[in-house]
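*Asks:* Take a look at this one; I'll ask things after.
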Amino acid sequence: MNDLKFTDGLIPAIVRDATSGQVLTLAYMNAESLRKTEETGETWFWSRSRNELWHKGATSGNTQRVVHIAADCDGDALVVSVEPAGPACHTGSTSCFNDVPAPAFDLEGLMRVLRSRHEKRPEGSYTAYLFNEGRDKILKKIGEEATEVVIAAKGQGRERLVSEIADLMYHLSVLLVDEGIDWKDVGAELRSRV
């Protein structure tokens, strides 16, 4: 981040939802707003129309907790991955780019959320409950969900099968996080078998 290229003191920042990957907005940062973003863990931008620094959500409450900031290969643009606490757009829409479909679900987004639940253990979270109950509870759920996948595959229809596979994948992902394994590790093992 030390070699960033600001044009007229600004750098474009593409803000995306860290879980879904959906692009939320395009804003601009200057050196000060980037520093404040890194210090506070929430997005700060430079308003070109008001010619001032602004903290996203300061008045609306729709803040954005920063998960990761990455520069492009040229260092002249940023991607800011966030966990939004409400709509990104001033119109009240989730995204300023409503005609752009959200990307297909990705396992890395799920894993980021599960790792956060493992670390923070928020009250009322089913995932935190599983981690708190321990490995035996997680393994029991995997066994139950695997059985339900088999039953669904024996004639309960495609929709039911997809739902049960999603439940199994979720609980397997919880186990991976509990063990400190990533789906990339599983992918590498699968590649070695073909």
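Here's how to read the names in the structure tokens: chain A, B, ... by the order shown, residue numbers from 1 in each chain, ligand numbers from 1 in the order shown.
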Among range 74-181 of chain A, which residues does DSSP mark as helix (DSSP H, G or I) when it is run on the backbone? Keep the chain and numbering as in the structure and answer as a PyMOL selection string.
*Replies:* chain A and resi 107-120+126-133+135-153+158-179
*Asks:* Got a sec: who's within 10 Å of Asp185 in chain A, counting only C-alpha atoms, leaving out chain neighbours fewer than 5 positions off, as a list in words?
*Replies:*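 In the requested format, the answer is Leu176, Leu190 and Arg191 of chain A.
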*Asks:* Write a file of the just-selected residues containing N, CA and C atoms, as a PDB file, in the first residue's frame.
*Replies:*
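New file again.pdb:
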ATOM      1  N   LEU A 176     -14.181 -27.578   9.037  1.00  0.00           N
ATOM      2  CA  LEU A 176     -12.912 -27.111   8.488  1.00  0.00           C
ATOM      3  C   LEU A 176     -12.363 -25.944   9.294  1.00  0.00           C
ATOM      4  N   LEU A 190      -7.933 -32.689  -4.011  1.00  0.00           N
ATOM      5  CA  LEU A 190      -8.716 -33.205  -5.144  1.00  0.00           C
ATOM      6  C   LEU A 190      -7.927 -33.120  -6.459  1.00  0.00           C
ATOM      7  N   ARG A 191      -7.195 -32.005  -6.644  1.00  0.00           N
ATOM      8  CA  ARG A 191      -6.381 -31.875  -7.864  1.00  0.00           C
ATOM      9  C   ARG A 191      -5.315 -32.965  -7.948  1.00  0.00           C
TER      10      ARG A 191
END
*Asks:* Select, from A:Pro122, A:Ser60, A:Ile165, A:Arg135, the residue with the minimum atom-to-atom distance to Thr91 in chain A, counting only C-alpha atoms.
*Replies:*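 Under the stated criterion, the closest residue is A:Ser60.
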*Asks:* Report the residues of range 41-180 of chain A whose backbone DSSP state falls under strand (DSSP E or B), written as a PyMOL selection string.
*Replies:* chain A and resi 42+44-47+52-55+64-71+78-84
*Asks:* Which residues are near range 45-54 of chain A? Cut-off 9 Å, only C-alpha atoms, ignore same chain within fewer than 3 positions. Put them as a PyMOL selection string.
*Replies:* chain A and resi 10+13+27-30+32-34+37+57-58
*Asks:* Show me, as a ChimeraX atom specification, the residues that have an atom within 7 Å of Leu26 in chain A when counting only C-alpha atoms, minus same-chain residues fewer than 6 positions from it.
*Replies:* /A:12-15
*Asks:* What lies within 8 Å of His55 in chain A using only C-alpha atoms, ignoring chain neighbours under 6 positions off, as a ChimeraX atom specification?
*Replies:* /A:42-45,63
*Asks:* Mind giving me the straight-line distance from CA of Glu145 in chain A to CA of Arg160 in chain A in Å, one decimal?
*Replies:*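 Straight-line distance from CA of Glu145 in chain A to CA of Arg160 in chain A works out to 12.2 Å.
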*Asks:* Find, counting only C-alpha atoms, the residue in A:Ser116, A:Gly109, A:Asp17, A:Glu133 that gets nearest to Ala85 in chain A.
*Replies:*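 Checking each candidate against Ala85 in chain A, we get A:Asp17 as the closest.
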*Asks:* List the spatial neighbours of Glu148 in chain A as a ChimeraX atom specification - criterion: any atom at most 10 Å away, only C-alpha atoms, same-chain residues fewer than 6 positions off excluded.
*Replies:* /A:142,154,160-161,163-165,167-168
*Asks:* Would you export the selected residues with N, CA and C atoms as a CSV table (one decimal), in the first residue's frame, please?
*Replies:*
chain,number,residue,atom,x,y,z
A,142,ILE,N,-22.9,-33.2,11.0
A,142,ILE,CA,-22.4,-33.7,9.7
A,142,ILE,C,-23.0,-35.0,9.4
A,154,LYS,N,-32.7,-40.0,-3.0
A,154,LYS,CA,-33.5,-41.2,-3.3
A,154,LYS,C,-35.0,-40.8,-3.7
A,160,ARG,N,-35.1,-30.2,-3.0
A,160,ARG,CA,-34.8,-30.8,-1.6
A,160,ARG,C,-33.3,-31.3,-1.5
A,161,LEU,N,-32.8,-31.9,-2.6
A,161,LEU,CA,-31.5,-32.4,-2.6
A,161,LEU,C,-30.5,-31.2,-2.5
A,163,SER,N,-31.0,-28.3,-1.2
A,163,SER,CA,-31.1,-27.8,0.2
A,163,SER,C,-30.3,-28.6,1.2
A,164,GLU,N,-30.4,-29.9,1.0
A,164,GLU,CA,-29.7,-30.8,1.9
A,164,GLU,C,-28.2,-30.8,1.7
A,165,ILE,N,-27.8,-30.7,0.4
A,165,ILE,CA,-26.3,-30.6,0.1
A,165,ILE,C,-25.8,-29.3,0.7
A,167,ASP,N,-26.9,-27.7,3.4
A,167,ASP,CA,-26.7,-28.0,4.8
A,167,ASP,C,-25.5,-28.8,5.1
A,168,LEU,N,-25.2,-29.8,4.3
A,168,LEU,CA,-24.0,-30.6,4.6
A,168,LEU,C,-22.7,-29.8,4.3
*Asks:* Within 9 Å of Leu4 in chain A, counting only C-alpha atoms, which residues qualify if same-chain residues fewer than 6 places away don't, as a VMD selection string?
*Replies:* chain A and resid 11 71 74 to 77
*Asks:* Which residue gives the smallest distance to His90 in chain A among A:Ala128, A:Leu110, A:Leu175, A:Leu24, with only C-alpha atoms counted?
*Replies:*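 Among A:Ala128, A:Leu110, A:Leu175, A:Leu24, it is A:Leu24 that comes nearest to His90 in chain A.
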*Asks:* Nearest to Asn132 in chain A: which of A:Arg16, A:Lys184, A:Arg117, A:His68 is it, counting only C-alpha atoms?
*Replies:* A:Arg117
